[in-house]
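All remarks here apply to the structure that follows.
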Amino acid sequence: MVFSSLTFLFLYLPLTLLVYFLAPLKWRNFILLLVSLLFYGWGEPVYIVIMFVSIAIDYTHGLLVEKYRSDDKKARWFVAQSVIFNLALLFFFKYGTFFAENLYALTGILIPKSVELLGVTIPLWGVPLPIGISFYTFQTMSYTIDVYRKDAPVQRNLVEFGTFVTMFPQLIAGPIVQYKTVAADLVHRVHTSENFALGARRFCVGLAKKVLLANSIGALWEECLAAQGAGTLTVLGGWLGLAAYGFQIYFDFSGYSDMAIGLGRIFGFHFNENFDHPYCADSVGTFWRRWHMSLTTWFRDYLYIPLGGNRGGTVKTIRNLIIVWFCTGFWHGASWNFVLWGLYFAAWLILERYVLRGVLEKTPKVLKHLYTLIVVFVGWGLFAMVDLSVCGDYLATCFGGGPLWSAADGFRLRSYAVTLIALVLASTALGQRLWAKLPRRAEALFTPVLMGLSLVVCTAYLVDGSYNPFLYFRF
C-alpha cells in the first residue's frame with residue numbers, strides 16, 4: 001500500500017492537477033472528490049463502500065441537527081447517533097479482535113468470528129483494518145458536533161461534504177482536519193501561483209523528510225531491536241535504538257503531514273500545522289502541544305473540555321487527564337502497549353502539573369530539555385514494542401540491565417553518525433532560520449534547484465529501496 005500510494009502521487013498527481021486546474025471552478029470539488037475516492041480505492045477497493053456510508057450518515061445527521069435545532073433534545077439525539085455510528089465503525093474494525101481475544105483470555109468465552117444469517121456470512125471480528133479509518137471517522141464525527149455547537153455551518157452540498165471527508169492529501173494519515181477550519185475553502189478557496197509554489201515546496205520538504213531521513217534511520221532501530229532478540233543489546237545500543245525510532249516516527253509522520261499540507265495548499269486549502277519542532281520542547285506538556293497537534297486539539301475540544309477540563313478541581317482534572325490519555329493511547333492501536341503508553345504520558349503530565357512544576361521552573365533549560373527527551377524516547381519504546389515482555393527487557397537493558405557498550409555500538413555510531421547529525425539539526429528550527437536569512441534572489445535561485453533535486457533523489461530511493469514503511473498507515 002505504501003509504494004502504491006506514493007506511485008499514485010507520482011503517476012497520477014500531474015494528470016490530476018492538469019484536469020483540476022483546466023476545469024471550471026464549479027466542477028473542481030467534484031473532480032477532487034473523484035480523485036480522492038480513486039486514491040483510497042487504489043489501496044482499499046473493498047472498503048470504499050464504508051467511505052460512502054460514513055459520508056452519508058454524517059451528512060444527513062448534520063442536516064437533521066440543523067433542522068431540529070429548536071428542539072434541543074432531538075438535535076442532541078442526532079448528534080449522539082452520529083457519534084455512536086462512528087465509534088461503532090471504529091470499534092468493529094479496529095478493536096473487535098482485541099476485545100474478542102481478551103474476553104476469551106479472561107473468561108473462556110469464545111465469540112465466533114462470523115455468523116450465518118439468511119445464507120449470508122456476517123463477520124463479527126477479525127476483519128482487516130481499513131487504512132486511515134481512525135482519521136476520517138474523527139473528522140466526520142467532529143462535523144456534526146460542531147454543527148450542533150454552531151462552531152461550523154451546516155453543509156447542504158453533498159459533493160462538498162464528500163470532498164471534505166475524502167481529501168486524498170490527508171485522508172490516510174492525517175492531519176485530522178476539522179470541518180470548521182476548511183468550510184470556507186470548500187466554497188471560496190483561492191488558487192494562486194504563490195499558493196501553488198508554497199504547496200509544492202512544502203510537499204518536497206515532506207517527501208525528503210520521509211524518504212531520506214525517516215527511512216534511513218529506521219534501519220538502525222531494526223538493528224537494535226534484533227540485538228535485543230539475540231541477547232546482545234547494550235545500554236548504549238538500547239538508547240541508540242530508542243533515539244532512532246523517535247527520529248523515524250517524527251520524520252515519517254511530520255513528513256507525511258508536510259506532504260498533505262503542501263498538496264492541500266496546491267488545491268487551495270489551508271490545513272492546520274501538525275508539528276512544531278516537538279523535540280525542542282523543555283517539558284512533556286510542551287512536547288504534546290507541539291506533537292500531532294491535530295489529534296491533541298481534537299481530544300481537547302471533544303473530550304477533555306466536555307468532561308470539565310481543569311475546571312472541577314484537582315481530582316477531576318486528574319481524572320480527565322487519565323481518561324483523555326487512555327483514549328489517546330487506545331486510539332493509536334488495539335493493544336495493551338498503546339494503553340500503557342497513553343497512561344505513561346498521563347502520569348508524567350500529572351506529575352509536571354502538580355509535583356514537578358516548581359522543580360522544573362528552577363532547572364536549567366538544557367537539563368529540562370534532556371529530561372524531556374529521555375521521557376519521550378522511553379515512551380516511544382512502549383509505543384513501538386507490542387510485546388510487553390520484549391519491551392520490558394529492552395527498557396531494562398537501557399537502564400543498566402546489560403553491558404554498557406560493545407564494538408557493534410561503535411560500528412553503528414560510525415555508520416549512522418552523519419545521519420544522526422542531520423536528524424538532530426533537522427529537528428530544530430535552525431534550517432528555517434538560515435533559509436529566512438537568504439537574500440530573495442538567492443532563495444528564488446535555490447528553491448527550484450533543491451525541489452528538483454529532492455524529487456529526483458527521493459524517486460531513486462523509492463524505486464531502488466525495499467525498506468519504505470509509513471508508520472502511521474496502521475492507525
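Residues in the C-alpha cells are numbered from 1 in each chain, the chains being A, B, ... in the order shown, and ligands are numbered from 1 in the order shown.
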Could you list, with a cut-off of 7 Å and counting only C-alpha atoms, the residues of region 218-253 of chain A near region 388-412 of chain A, each shown with its nearest atom pair and the distance in Å rounded to one decimal, rows sorted by chain and ascending number, as CSV?
residue,atom,partner,partner_atom,distance
A:Gln228,CA,A:Tyr394,CA,6.4
A:Thr234,CA,A:Pro403,CA,4.9
A:Val235,CA,A:Cys398,CA,4.5
A:Leu236,CA,A:Trp405,CA,5.4
A:Gly237,CA,A:Asp409,CA,5.8
A:Gly238,CA,A:Cys398,CA,5.1
A:Trp239,CA,A:Cys398,CA,6.1
Let me see the file: selected residues, all heavy atoms, as a tab-separated table (two decimals), in the first residue's frame.
chain	number	residue	atom	x	y	z
A	228	GLN	N	18.39	-6.97	20.66
A	228	GLN	CA	17.66	-7.36	21.86
A	228	GLN	C	17.19	-8.80	21.76
A	228	GLN	O	17.32	-9.59	22.70
A	228	GLN	CB	16.46	-6.43	22.07
A	228	GLN	CG	15.46	-6.88	23.13
A	228	GLN	CD	16.07	-6.95	24.51
A	228	GLN	OE1	16.97	-6.18	24.82
A	228	GLN	NE2	15.59	-7.86	25.34
A	234	THR	N	23.13	-3.62	24.33
A	234	THR	CA	23.83	-2.94	25.42
A	234	THR	C	23.04	-1.70	25.83
A	234	THR	O	22.06	-1.33	25.18
A	234	THR	CB	25.23	-2.51	24.98
A	234	THR	OG1	25.10	-1.53	23.93
A	234	THR	CG2	26.04	-3.71	24.47
A	235	VAL	N	23.49	-1.05	26.90
A	235	VAL	CA	22.85	0.19	27.34
A	235	VAL	C	22.93	1.24	26.23
A	235	VAL	O	21.92	1.87	25.88
A	235	VAL	CB	23.53	0.72	28.63
A	235	VAL	CG1	22.96	2.09	28.99
A	235	VAL	CG2	23.32	-0.26	29.78
A	236	LEU	N	24.12	1.42	25.67
A	236	LEU	CA	24.27	2.40	24.61
A	236	LEU	C	23.44	2.02	23.39
A	236	LEU	O	22.78	2.87	22.79
A	236	LEU	CB	25.75	2.52	24.22
A	236	LEU	CG	26.07	3.47	23.04
A	236	LEU	CD1	25.59	4.87	23.33
A	236	LEU	CD2	27.58	3.46	22.76
A	237	GLY	N	23.46	0.74	23.04
A	237	GLY	CA	22.68	0.28	21.89
A	237	GLY	C	21.19	0.48	22.10
A	237	GLY	O	20.45	0.82	21.17
A	238	GLY	N	20.73	0.26	23.35
A	238	GLY	CA	19.31	0.45	23.64
A	238	GLY	C	18.87	1.89	23.44
A	238	GLY	O	17.83	2.16	22.83
A	239	TRP	N	19.69	2.84	23.94
A	239	TRP	CA	19.33	4.25	23.78
A	239	TRP	C	19.49	4.70	22.32
A	239	TRP	O	18.71	5.53	21.84
A	239	TRP	CB	20.18	5.12	24.70
A	239	TRP	CG	19.71	5.02	26.12
A	239	TRP	CD1	20.29	4.34	27.14
A	239	TRP	CD2	18.52	5.61	26.66
A	239	TRP	NE1	19.56	4.46	28.29
A	239	TRP	CE2	18.45	5.25	28.02
A	239	TRP	CE3	17.50	6.41	26.13
A	239	TRP	CZ2	17.42	5.65	28.86
A	239	TRP	CZ3	16.47	6.82	26.97
A	239	TRP	CH2	16.44	6.44	28.31
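For Met293 (chain A), the non-local neighbours within 10 Å, defined as residues at least 2 positions apart in the same chain or in other chains and counting only C-alpha atoms, are Pro175, Ile176, Asn272, Glu273, Asn274, Phe275, Asp276, Phe287, Trp288, Arg289, Arg290, Trp291, Leu295, Thr296, Thr297, Trp298 and Phe299 of chain A.
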inquiry  = At a cut-off of 10 Å, using only C-alpha atoms, what residues contact region 76-80 of chain A? Leave out same-chain residues fewer than 5 positions from it and give the result as a PyMOL selection string.
reply    = chain A and resi 58+60-66+68-69+71+85-86+141-148
Atoms kept (N, CA, C and O atoms) for selection, written as a PDB file, in the first residue's frame:
ATOM      1  N   ASP A  58     -23.062  11.038   8.226  1.00  0.00           N
ATOM      2  CA  ASP A  58     -22.733  12.309   8.879  1.00  0.00           C
ATOM      3  C   ASP A  58     -23.283  13.507   8.119  1.00  0.00           C
ATOM      4  O   ASP A  58     -23.634  14.524   8.728  1.00  0.00           O
ATOM      5  N   THR A  60     -26.224  13.509   6.440  1.00  0.00           N
ATOM      6  CA  THR A  60     -27.649  13.589   6.782  1.00  0.00           C
ATOM      7  C   THR A  60     -27.859  14.009   8.234  1.00  0.00           C
ATOM      8  O   THR A  60     -28.781  14.772   8.540  1.00  0.00           O
ATOM      9  N   HIS A  61     -26.994  13.555   9.124  1.00  0.00           N
ATOM     10  CA  HIS A  61     -27.172  13.923  10.532  1.00  0.00           C
ATOM     11  C   HIS A  61     -26.826  15.385  10.776  1.00  0.00           C
ATOM     12  O   HIS A  61     -27.409  16.022  11.668  1.00  0.00           O
ATOM     13  N   GLY A  62     -25.910  15.945   9.996  1.00  0.00           N
ATOM     14  CA  GLY A  62     -25.676  17.377  10.090  1.00  0.00           C
ATOM     15  C   GLY A  62     -26.918  18.163   9.700  1.00  0.00           C
ATOM     16  O   GLY A  62     -27.286  19.146  10.359  1.00  0.00           O
ATOM     17  N   LEU A  63     -27.585  17.714   8.636  1.00  0.00           N
ATOM     18  CA  LEU A  63     -28.831  18.367   8.207  1.00  0.00           C
ATOM     19  C   LEU A  63     -29.923  18.219   9.261  1.00  0.00           C
ATOM     20  O   LEU A  63     -30.699  19.161   9.511  1.00  0.00           O
ATOM     21  N   LEU A  64     -30.015  17.037   9.882  1.00  0.00           N
ATOM     22  CA  LEU A  64     -31.044  16.797  10.888  1.00  0.00           C
ATOM     23  C   LEU A  64     -30.799  17.641  12.143  1.00  0.00           C
ATOM     24  O   LEU A  64     -31.740  18.150  12.749  1.00  0.00           O
ATOM     25  N   VAL A  65     -29.546  17.783  12.521  1.00  0.00           N
ATOM     26  CA  VAL A  65     -29.209  18.635  13.677  1.00  0.00           C
ATOM     27  C   VAL A  65     -29.655  20.071  13.407  1.00  0.00           C
ATOM     28  O   VAL A  65     -30.248  20.733  14.265  1.00  0.00           O
ATOM     29  N   GLU A  66     -29.385  20.549  12.190  1.00  0.00           N
ATOM     30  CA  GLU A  66     -29.784  21.917  11.830  1.00  0.00           C
ATOM     31  C   GLU A  66     -31.297  22.050  11.769  1.00  0.00           C
ATOM     32  O   GLU A  66     -31.859  23.052  12.230  1.00  0.00           O
ATOM     33  N   TYR A  68     -33.633  20.404  13.397  1.00  0.00           N
ATOM     34  CA  TYR A  68     -34.277  20.325  14.711  1.00  0.00           C
ATOM     35  C   TYR A  68     -33.530  21.131  15.775  1.00  0.00           C
ATOM     36  O   TYR A  68     -33.586  20.808  16.959  1.00  0.00           O
ATOM     37  N   ARG A  69     -32.862  22.180  15.328  1.00  0.00           N
ATOM     38  CA  ARG A  69     -32.087  22.980  16.273  1.00  0.00           C
ATOM     39  C   ARG A  69     -32.970  23.573  17.376  1.00  0.00           C
ATOM     40  O   ARG A  69     -32.526  23.729  18.530  1.00  0.00           O
ATOM     41  N   ASP A  71     -35.417  22.192  18.765  1.00  0.00           N
ATOM     42  CA  ASP A  71     -35.747  21.119  19.705  1.00  0.00           C
ATOM     43  C   ASP A  71     -34.430  20.487  20.158  1.00  0.00           C
ATOM     44  O   ASP A  71     -33.918  19.557  19.533  1.00  0.00           O
ATOM     45  N   PHE A  85     -22.490   5.923  15.691  1.00  0.00           N
ATOM     46  CA  PHE A  85     -22.176   5.242  14.426  1.00  0.00           C
ATOM     47  C   PHE A  85     -20.675   5.233  14.166  1.00  0.00           C
ATOM     48  O   PHE A  85     -20.088   4.197  13.838  1.00  0.00           O
ATOM     49  N   ASN A  86     -20.041   6.391  14.309  1.00  0.00           N
ATOM     50  CA  ASN A  86     -18.603   6.479  14.025  1.00  0.00           C
ATOM     51  C   ASN A  86     -17.785   5.643  15.002  1.00  0.00           C
ATOM     52  O   ASN A  86     -16.833   4.960  14.593  1.00  0.00           O
ATOM     53  N   MET A 141     -17.046  12.760  12.635  1.00  0.00           N
ATOM     54  CA  MET A 141     -17.723  12.848  13.917  1.00  0.00           C
ATOM     55  C   MET A 141     -17.691  14.283  14.448  1.00  0.00           C
ATOM     56  O   MET A 141     -18.671  14.777  15.009  1.00  0.00           O
ATOM     57  N   SER A 142     -16.555  14.957  14.265  1.00  0.00           N
ATOM     58  CA  SER A 142     -16.443  16.327  14.769  1.00  0.00           C
ATOM     59  C   SER A 142     -17.365  17.275  14.000  1.00  0.00           C
ATOM     60  O   SER A 142     -17.776  18.315  14.540  1.00  0.00           O
ATOM     61  N   TYR A 143     -17.711  16.923  12.755  1.00  0.00           N
ATOM     62  CA  TYR A 143     -18.556  17.803  11.942  1.00  0.00           C
ATOM     63  C   TYR A 143     -19.934  18.000  12.588  1.00  0.00           C
ATOM     64  O   TYR A 143     -20.383  19.140  12.770  1.00  0.00           O
ATOM     65  N   THR A 144     -20.612  16.906  12.924  1.00  0.00           N
ATOM     66  CA  THR A 144     -21.955  17.049  13.496  1.00  0.00           C
ATOM     67  C   THR A 144     -21.907  17.730  14.863  1.00  0.00           C
ATOM     68  O   THR A 144     -22.816  18.488  15.215  1.00  0.00           O
ATOM     69  N   ILE A 145     -20.861  17.475  15.627  1.00  0.00           N
ATOM     70  CA  ILE A 145     -20.723  18.138  16.923  1.00  0.00           C
ATOM     71  C   ILE A 145     -20.561  19.644  16.731  1.00  0.00           C
ATOM     72  O   ILE A 145     -21.189  20.450  17.431  1.00  0.00           O
ATOM     73  N   ASP A 146     -19.736  20.040  15.768  1.00  0.00           N
ATOM     74  CA  ASP A 146     -19.512  21.466  15.519  1.00  0.00           C
ATOM     75  C   ASP A 146     -20.762  22.144  14.976  1.00  0.00           C
ATOM     76  O   ASP A 146     -21.020  23.315  15.276  1.00  0.00           O
ATOM     77  N   VAL A 147     -21.530  21.424  14.151  1.00  0.00           N
ATOM     78  CA  VAL A 147     -22.794  21.994  13.656  1.00  0.00           C
ATOM     79  C   VAL A 147     -23.740  22.234  14.824  1.00  0.00           C
ATOM     80  O   VAL A 147     -24.386  23.289  14.919  1.00  0.00           O
ATOM     81  N   TYR A 148     -23.807  21.267  15.740  1.00  0.00           N
ATOM     82  CA  TYR A 148     -24.667  21.437  16.918  1.00  0.00           C
ATOM     83  C   TYR A 148     -24.211  22.612  17.774  1.00  0.00           C
ATOM     84  O   TYR A 148     -25.026  23.392  18.266  1.00  0.00           O
TER      85      TYR A 148
END
For Phe345 (chain A): contacts at 12 Å, only C-alpha atoms, fewer than 2 positions along chain excluded, given as a PyMOL selection string = chain A and resi 283-285+287-288+321-329+338-343+347-352+372+375-380+382-383
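Proximity of A:Val386, A:Ala243, A:Ala152, A:Leu373 to Ser335 (chain A), computed with only C-alpha atoms, is greatest for A:Val386.
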message = One decimal, in Å: what's the spacing between CA of Ser54 (chain A) and CA of Lys94 (chain A)?
response = 15.6 Å
